[in-house]
6 protein chains.
Amino acid sequence: MFLPRKILEEKLRRILAEDVGQGDITTALLVPARSIAEAEITAKETGVAAGIEETSILLESIGLEVEPLISDGEKIRTRQKLMKIRGETRTILTAERTALNVLSRMSGIATTTNRLVEKLRKARFRTKIACTRKTAPGLLYFDKKAVLLGGGDTHRMHLDDMILIKDNHIIVSGNVEKTVKKARKNASFSKKIEVEVSNVKDAVTAVKAGADIVMLDNFSPKQVEEAMKQIEKNGLSGRALIEVSGGITAENILDFASKHVDIVSLGEITHSAEAFDVSLEITMIGKAHGKL
Amino acid sequence: MFLPRKILEEKLRRILAEDVGQGDITTALLVPARSIAEAEITAKETGVAAGIEETSILLESIGLEVEPLISDGEKIRTRQKLMKIRGETRTILTAERTALNVLSRMSGIATTTNRLVEKLRKARFRTKIACTRKTAPGLLYFDKKAVLLGGGDTHRMHLDDMILIKDNHIIVSGNVEKTVKKARKNASFSKKIEVEVSNVKDAVTAVKAGADIVMLDNFSPKQVEEAMKQIEKNGLSGRALIEVSGGITAENILDFASKHVDIVSLGEITHSAEAFDVSLEITMIGKAHGKL
Amino acid sequence: MFLPRKILEEKLRRILAEDVGQGDITTALLVPARSIAEAEITAKETGVAAGIEETSILLESIGLEVEPLISDGEKIRTRQKLMKIRGETRTILTAERTALNVLSRMSGIATTTNRLVEKLRKARFRTKIACTRKTAPGLLYFDKKAVLLGGGDTHRMHLDDMILIKDNHIIVSGNVEKTVKKARKNASFSKKIEVEVSNVKDAVTAVKAGADIVMLDNFSPKQVEEAMKQIEKNGLSGRALIEVSGGITAENILDFASKHVDIVSLGEITHSAEAFDVSLEITMIGKAHGKL
Amino acid sequence: MFLPRKILEEKLRRILAEDVGQGDITTALLVPARSIAEAEITAKETGVAAGIEETSILLESIGLEVEPLISDGEKIRTRQKLMKIRGETRTILTAERTALNVLSRMSGIATTTNRLVEKLRKARFRTKIACTRKTAPGLLYFDKKAVLLGGGDTHRMHLDDMILIKDNHIIVSGNVEKTVKKARKNASFSKKIEVEVSNVKDAVTAVKAGADIVMLDNFSPKQVEEAMKQIEKNGLSGRALIEVSGGITAENILDFASKHVDIVSLGEITHSAEAFDVSLEITMIGKAHGKL
Amino acid sequence: MFLPRKILEEKLRRILAEDVGQGDITTALLVPARSIAEAEITAKETGVAAGIEETSILLESIGLEVEPLISDGEKIRTRQKLMKIRGETRTILTAERTALNVLSRMSGIATTTNRLVEKLRKARFRTKIACTRKTAPGLLYFDKKAVLLGGGDTHRMHLDDMILIKDNHIIVSGNVEKTVKKARKNASFSKKIEVEVSNVKDAVTAVKAGADIVMLDNFSPKQVEEAMKQIEKNGLSGRALIEVSGGITAENILDFASKHVDIVSLGEITHSAEAFDVSLEITMIGKAHGKL
Amino acid sequence: MFLPRKILEEKLRRILAEDVGQGDITTALLVPARSIAEAEITAKETGVAAGIEETSILLESIGLEVEPLISDGEKIRTRQKLMKIRGETRTILTAERTALNVLSRMSGIATTTNRLVEKLRKARFRTKIACTRKTAPGLLYFDKKAVLLGGGDTHRMHLDDMILIKDNHIIVSGNVEKTVKKARKNASFSKKIEVEVSNVKDAVTAVKAGADIVMLDNFSPKQVEEAMKQIEKNGLSGRALIEVSGGITAENILDFASKHVDIVSLGEITHSAEAFDVSLEITMIGKAHGKL
């Protein structure tokens, strides 16, 4: 998910501009135009860093100097300093909340993702944690990138990069077999085909029909086990990746992973993301441009 | 927070466009161009509706017929049908996830807000619940409107609609008294002035200096009580609204409200919003335009 | 009204881009690509500077070096040099008109505003001069900032930062008392409430009902006097700010101010702004990049 | 200047969106969502209509019904009703100011232009009134169209539609003769070439060198007369159009026109436009959608 | 490649707006505002239709009625009527060129693609024709959709929907084996991995290393044959799709296809697309709205 | 066609952003964030350079260093190096295709245009080669500028910079004489008037009626000759420029030029532009920022 910095800048600046409206009236009243300052962003809990790049790009793009003290993807300790910022005091104070909002959302998602990833790693499962398209509206890029930094898989980016046949598509198109075959025949060779199934029989059918990935939707661990067995029995093992989705939580995730599924996907890590707690403090102030 | 529908439409369509990318390739492969369908959005838990208007506007703006079955601000029962949708099957399936993402975020925020509002109401406190500017980046309008629908107060919209003097402004500008007076003297008559204070003494000073609202930041219930007493003792009662913020949770909120503060504000209801669970099901399909 | 420079840059560049269309064909024909020049912007009358910052940002954002010779808000003498510009000759000539249009509109508004402000100051009245939302369409930021630099008050920025109840709202909502009380009850604590009234009785009612500001619309100086008296008689003095609006001109403004009103607001200073006369002259030309 | 309505709509809606910000909070508080109303826009002085089309498009594009009672370009009497509007009360009140700002600016410019046009017509001169690129920043389309509706000439639209050689171009490029010839040789055949001159000799040179239009900049009526004579004496009459510009006012315009110049151009009609006085009144209110 | 109509509309209207600039001055001068007309778009050669949907959406979005007489993907005969259009004459004439530009580019690409597809079909090869990312700048959606309508494969949409390892990636990352394995290990499970190779040995290595697709870049038919043999000999047949690219023309395409490759990709069908010849004629004119 | 660099940057970056989507996933997987590289763009055929400026601006705007080795408008030899690029390897690889697409389209158009220009020059005709508005949709600026660099004439930029009366305008407006006179009377003095005619008689009429340019549409060389004769016979020589258009190819262009027409215009040079063959190769890689 590499975006040239200027493209990211524009995304981020649109977010800032909305928050600023016709201008920061508090700062204009209280902070002299020529005042400069130094500030620090500090973590108030432990987690995994995400959004350090985005926050730096936003702040630099409005003329501030940024010195990141951690890289995206690294572990954060409580009270760790994440970033130093220097420049016009007005600009720092006007951008403070938008910068922290980006950083705390992305680090929050990375942290939650990483807890699940670590849980599977410690239990020595190879199952991947993936997110879904259930992100905050319009924050697809930020939410998916944070999952990646937490060690998760982005899954489909948006609607043009993978064939993902869901329940409603099957209702419209006919049964699983027919639908997968139709997709197989007409899809671009460049795309994978995934299909969501709701019972063991359809899971086997989907693999047979040529799906690259089969998503077992709302299966219990038992049903997952049964599906894996039937796939094996039909000599179809390894023909498709198996993803489970629906009803999975931090508590029961190992029950699913223990069935040797390839991917576990959860909407919660993005749609109900918990913010990571960070704060920005002014550490020094100077009265004229260029002097602290 | 009334936005003419066309302005809202453009905001919403930009969100949809990002998710669609160069086009929905699954739907294009599997759903005939002339197919039409009927679908329903159903709640899977109890809560408060928000985003019914936004979801309807989004769907109507891309050519679908929408029949809302509930109004924003109303209580939702589990399994309640929230909306009927009719139109091109392809369009319904392509917009499904974006529509649900908007609806589940907004209803999630309204539901959480309302739980707190109800808690205070039942305890017969007049204290208001307010959100902050700690929203998901770029979702200020949606997050604040959801708070309003849940019975909360939007607080400041963005940086141009209120003077809100925070810790960093005071560091730059001098002490509380000087800063509030400076703001008082130079601010537009059309704006209120709020100041964030970190101890009881500053709280009293702020009221004296003429702040319209004083925010007690990270005070314990005891400190809040002490501040209220000192304000009264100085004959300043009723001169400013009192807001408490920081460290407030669903569990301890009554301890703060019982101190007769006017407003309790929490970042959590927007920055760590939990999604409200909704789903969309196709209920009927027709093969040609105009016939179901 | 502090906007980070990059956000302002984008606003200004959109204005320039419209004027340039598919490209400046005159300059492309006549000015060699490598030619560089030095230019000066000169005032042709006396007034108050506004738009120095905006013009500088515009010109710098397209690669020119700018040396402002005056600051926004300062007095301008006839023939005073306001700004030196260096860089690509083509860029200077292409941006000339857009830069001057911004500067002459903003300085024109600041100058007119300042004449009224000075008139009141000399007569030793404390009344503030305020503008309204009657700006040139789309120029809200520029027009309001110019008023501020001329010593005026911006009044409401746009529709989301203050409750301003106008005649049409009262027609829809009922009478003044009911409407103000309804607003008082439901408005966010962060917003002031102003109400426009058309007679003395309603003015008193509005103050009583809890309005923060009462606007006497189209009152004669006599009616203003009567309103002030009635407010005092009812023991309501100081409970609300009093604004007068409608029919006020440079000639009669002292008649209104002498009634001790807090604010006088005029649409004319923005909707019928007179341009301030400035010109740009090339003062030196060099044939190659880097040499003058 | 024909723009398909949808393109104009987007320009106008961007202007409205800026004014609305995060939403009209007054209207949301006081006007029920289902309330509908009827309103009228009325003129408060005499003039020439412009912006009736733009205002209608703006209002219709946000869902209101509009019945224009006058066409652009027609004369307006004091107290004449210009437009009826029906629809959601909230939408009417939210868009009121933006709509009136467009209408009053455009009609103001058309009215001023038309006064000059009529003055020349009554004096039986064929001289055209033209505007310049000295418009309000970003309002090029609206200002130029208003001039056209007032009977004036738009002159150059922007920098890509005509070669207009100004003083600074000549400084860079050499003398008038050389510059005009260079432009003549290299310009697209599809464009006219105009040159600005500052003395009689250069005027003659410019015509000789092949300019399509010669602009006499800051000439006194006497100098204009002399220039016309010299052009005739050199047998160059009719070879180029003659435009005068600079120092022209409503008072002295006949002195210039009497010299048989083809075009008189003035910056004032757009850069110092006086707003035309209009107001919007709610005339009827209904409580439910569809019923007045 | 299904895009909801409103999203497509905005793309198309931006293209129209650029062409219209500040307005169609010819049409405004010559065509009365109330004039309505009927027009037809006619093909002047044989081919395959593409852009019928896009052209219709563009024209309908600016208020015209459109009756398509052919569907995208169908064969076109010389002189066949493709579309009827009714509505405001001014709007038809203003949009004519933009509409024809879209239609002739897309139909041109579909026609060229289809000639190659038919050639392979007649020779009974199963090889697919694919395009590349070598489109006209910014026309990715239109160019790729036209290829699809001509019977070709869109290949990768943009940089986020497939791992495509090119020569420069291998230079940076090391050798083919290492690079493919690295991609295999870290890529999202949702994406296919393709690698471009420049010799037979690397082709075999790439298949072995786990590439989903191997692109033989600038191979002669002989080298392609040798690569296929070596892959078979190594027992790797069917493990990856084989794409050939570079130096392929309408003349030699059968030589490549005869080697049983899966995909032949060509930049020419999009980067050097030949326009399909179409014209628009007014067939009827009416003087007032609503009457022809 | 001079556009300030920042305005061009935004156009170009929008094109890049579309291609990048949510990010370059291949580069993110395979290229370390701190890797830097040097690359070269090389021509693979002979032609005329165009787009060197645009490509440089695009690449520089995303943080790369660019050293152009040729200027726009100069002749290119096969295997000539056109540009050196240094900077972040990821950024180079992500922007590679968009940069090459711009360069190869523009140089392709300049090369084709220049072949025709040279053909006329060698035959010693003064006839100009012009393009039309038949460009790739949305690429008006790029296509027209490339024609200019190839030695051609841009003709009309868009719909606001010239009165060009086409067949459909005449159908609506009446006959050639009436239409030209109407345009003459009402058009801005700043615009030329061109009219398209379909027979010799109308050509003569058009000149007589005062057209600045007459376009002989789909005339054979014989008919062109006849038109020129009739114009001369009527004493109208030199009164209007003569343009021929329709059915002109590289083969027959001299037959038209030999009739002493002023301009020959062709849609093919832009609507069916052939891409110029260029490639980008990484020539050096460094492991850390700042070191190659």
# chains A, B, ... in the order shown; residues from 1 in each chain; ligands from 1
$ residues_around --residues "Thr270 of chain F" --least-positions-apart "4" --cutoff "12 Å" --atoms "only C-alpha atoms" --output "PyMOL selection string"
(chain E and resi 101+105+136+272-275) or (chain F and resi 105-113+130-137+139-148+150+152+154+265-266+274-275)
$ residues_around --residues "Arg13 of chain D" --least-positions-apart "4" --cutoff "8 Å" --atoms "only C-alpha atoms" --output "list of chain:residue names"
B:Ile7, D:Glu9, D:Ala17, D:Leu58
$ interface_residues --of "chain D" --to "chain E" --cutoff "8 Å" --atoms "only C-alpha atoms" --output "ChimeraX atom specification"
/D:1-7,141,157
$ atom_distance --atom1 "atom CA of Leu241 of chain A" --atom2 "atom CA of Ile213 of chain A"
4.5 Å
$ residues_around --residues "Asp217 of chain E" --least-positions-apart "4" --cutoff "12 Å" --atoms "only C-alpha atoms" --output "number ranges by chain"
E: 165-167, 195-200, 202-203, 221, 223-224, 227, 242-248, 264-266
$ write_last_selection --atoms "N, CA and C atoms" --output "mmCIF file, in the first residue's frame"
data_model
loop_
_atom_site.group_PDB
_atom_site.id
_atom_site.type_symbol
_atom_site.label_atom_id
_atom_site.label_comp_id
_atom_site.auth_asym_id
_atom_site.auth_seq_id
_atom_site.Cartn_x
_atom_site.Cartn_y
_atom_site.Cartn_z
ATOM 1 N N ILE E 165 5.268 -8.135 -10.940
ATOM 2 C CA ILE E 165 6.694 -7.898 -10.745
ATOM 3 C C ILE E 165 7.345 -7.677 -12.111
ATOM 4 N N LYS E 166 7.871 -6.468 -12.323
ATOM 5 C CA LYS E 166 8.453 -6.147 -13.620
ATOM 6 C C LYS E 166 9.976 -6.133 -13.535
ATOM 7 N N ASP E 167 10.620 -5.964 -14.675
ATOM 8 C CA ASP E 167 12.083 -5.976 -14.721
ATOM 9 C C ASP E 167 12.712 -5.070 -13.668
ATOM 10 N N VAL E 195 4.787 -12.355 -12.787
ATOM 11 C CA VAL E 195 6.164 -11.896 -12.908
ATOM 12 C C VAL E 195 6.545 -11.844 -14.382
ATOM 13 N N GLU E 196 7.247 -10.808 -14.731
ATOM 14 C CA GLU E 196 7.719 -10.608 -16.108
ATOM 15 C C GLU E 196 9.128 -11.196 -16.203
ATOM 16 N N VAL E 197 9.379 -12.070 -17.204
ATOM 17 C CA VAL E 197 10.726 -12.653 -17.351
ATOM 18 C C VAL E 197 11.245 -12.384 -18.755
ATOM 19 N N SER E 198 12.587 -12.400 -18.869
ATOM 20 C CA SER E 198 13.168 -12.050 -20.169
ATOM 21 C C SER E 198 13.919 -13.212 -20.822
ATOM 22 N N ASN E 199 13.913 -14.390 -20.163
ATOM 23 C CA ASN E 199 14.528 -15.552 -20.838
ATOM 24 C C ASN E 199 13.868 -16.842 -20.355
ATOM 25 N N VAL E 200 14.147 -17.890 -21.075
ATOM 26 C CA VAL E 200 13.471 -19.175 -20.837
ATOM 27 C C VAL E 200 13.774 -19.699 -19.441
ATOM 28 N N ASP E 202 14.489 -18.106 -16.681
ATOM 29 C CA ASP E 202 13.714 -17.370 -15.666
ATOM 30 C C ASP E 202 12.235 -17.741 -15.703
ATOM 31 N N ALA E 203 11.754 -18.054 -16.886
ATOM 32 C CA ALA E 203 10.344 -18.444 -17.000
ATOM 33 C C ALA E 203 10.101 -19.701 -16.164
ATOM 34 N N PRO E 221 8.380 -16.012 -31.182
ATOM 35 C CA PRO E 221 7.547 -17.232 -31.128
ATOM 36 C C PRO E 221 8.396 -18.462 -30.800
ATOM 37 N N GLN E 223 11.157 -18.598 -28.994
ATOM 38 C CA GLN E 223 11.502 -18.603 -27.570
ATOM 39 C C GLN E 223 10.294 -18.976 -26.719
ATOM 40 N N VAL E 224 9.135 -18.522 -27.155
ATOM 41 C CA VAL E 224 7.913 -18.889 -26.433
ATOM 42 C C VAL E 224 7.779 -20.408 -26.451
ATOM 43 N N ALA E 227 10.152 -22.004 -24.101
ATOM 44 C CA ALA E 227 9.743 -21.814 -22.702
ATOM 45 C C ALA E 227 8.650 -22.808 -22.334
ATOM 46 N N ILE E 242 0.372 -18.504 -18.707
ATOM 47 C CA ILE E 242 1.480 -17.914 -19.474
ATOM 48 C C ILE E 242 0.949 -16.763 -20.337
ATOM 49 N N GLU E 243 1.560 -15.590 -20.156
ATOM 50 C CA GLU E 243 1.192 -14.402 -20.928
ATOM 51 C C GLU E 243 2.387 -14.000 -21.787
ATOM 52 N N VAL E 244 2.149 -13.652 -23.054
ATOM 53 C CA VAL E 244 3.254 -13.106 -23.847
ATOM 54 C C VAL E 244 2.962 -11.639 -24.154
ATOM 55 N N SER E 245 4.015 -10.864 -24.212
ATOM 56 C CA SER E 245 3.853 -9.418 -24.365
ATOM 57 C C SER E 245 5.081 -8.842 -25.059
ATOM 58 N N GLY E 246 4.895 -7.823 -25.889
ATOM 59 C CA GLY E 246 6.044 -7.157 -26.534
ATOM 60 C C GLY E 246 6.217 -7.608 -27.972
ATOM 61 N N GLY E 247 6.211 -6.692 -28.893
ATOM 62 C CA GLY E 247 6.474 -7.025 -30.297
ATOM 63 C C GLY E 247 5.365 -7.785 -30.995
ATOM 64 N N ILE E 248 4.183 -7.778 -30.387
ATOM 65 C CA ILE E 248 3.071 -8.518 -30.996
ATOM 66 C C ILE E 248 2.214 -7.564 -31.821
ATOM 67 N N VAL E 264 -2.290 -13.036 -24.584
ATOM 68 C CA VAL E 264 -1.409 -12.173 -25.366
ATOM 69 C C VAL E 264 -1.793 -10.745 -24.994
ATOM 70 N N SER E 265 -0.832 -9.943 -24.558
ATOM 71 C CA SER E 265 -1.199 -8.569 -24.186
ATOM 72 C C SER E 265 -0.494 -7.557 -25.087
ATOM 73 N N LEU E 266 -1.222 -6.492 -25.432
ATOM 74 C CA LEU E 266 -0.688 -5.479 -26.353
ATOM 75 C C LEU E 266 -0.978 -4.075 -25.820
#
$ residues_around --residues "Asp212 of chain A" --least-positions-apart "5" --cutoff "7 Å" --atoms "only C-alpha atoms" --output "MDAnalysis selection string"
chainID A and resid 192:194 240:241
$ select_by_dssp --residues "segment 3-247 of chain D" --states "helix (DSSP H, G or I)" --output "PyMOL selection string"
chain D and resi 5-20+25-30+52-61+89-122+140-149+167-173+176-186+200-209+221-233
$ select_by_dssp --residues "segment 182-235 of chain F" --states "strand (DSSP E or B)" --output "VMD selection string"
chain F and resid 191 193 to 197 213 to 217
$ residues_around --residues "Ala209 of chain C" --least-positions-apart "5" --cutoff "8 Å" --atoms "only C-alpha atoms" --output "PyMOL selection string"
chain C and resi 177+180-181
$ write_last_selection --atoms "N, CA, C and O atoms" --output "PDB file, in the first residue's frame"
ATOM      1  N   GLU C 177     -40.894  35.439  21.497  1.00  0.00           N
ATOM      2  CA  GLU C 177     -40.671  34.816  22.804  1.00  0.00           C
ATOM      3  C   GLU C 177     -40.527  33.303  22.681  1.00  0.00           C
ATOM      4  O   GLU C 177     -39.567  32.701  23.156  1.00  0.00           O
ATOM      5  N   VAL C 180     -37.293  32.262  20.738  1.00  0.00           N
ATOM      6  CA  VAL C 180     -36.035  32.383  21.490  1.00  0.00           C
ATOM      7  C   VAL C 180     -35.956  31.295  22.558  1.00  0.00           C
ATOM      8  O   VAL C 180     -34.924  30.663  22.761  1.00  0.00           O
ATOM      9  N   LYS C 181     -37.075  31.053  23.228  1.00  0.00           N
ATOM     10  CA  LYS C 181     -37.056  30.037  24.285  1.00  0.00           C
ATOM     11  C   LYS C 181     -36.781  28.644  23.729  1.00  0.00           C
ATOM     12  O   LYS C 181     -36.051  27.848  24.324  1.00  0.00           O
TER      13      LYS C 181
END
$ atom_distance --atom1 "atom CA of Gly138 of chain D" --atom2 "atom CA of Glu18 of chain C"
7.0 Å
$ atom_distance --atom1 "atom CA of Lys128 of chain D" --atom2 "atom CA of Ile263 of chain D"
4.6 Å
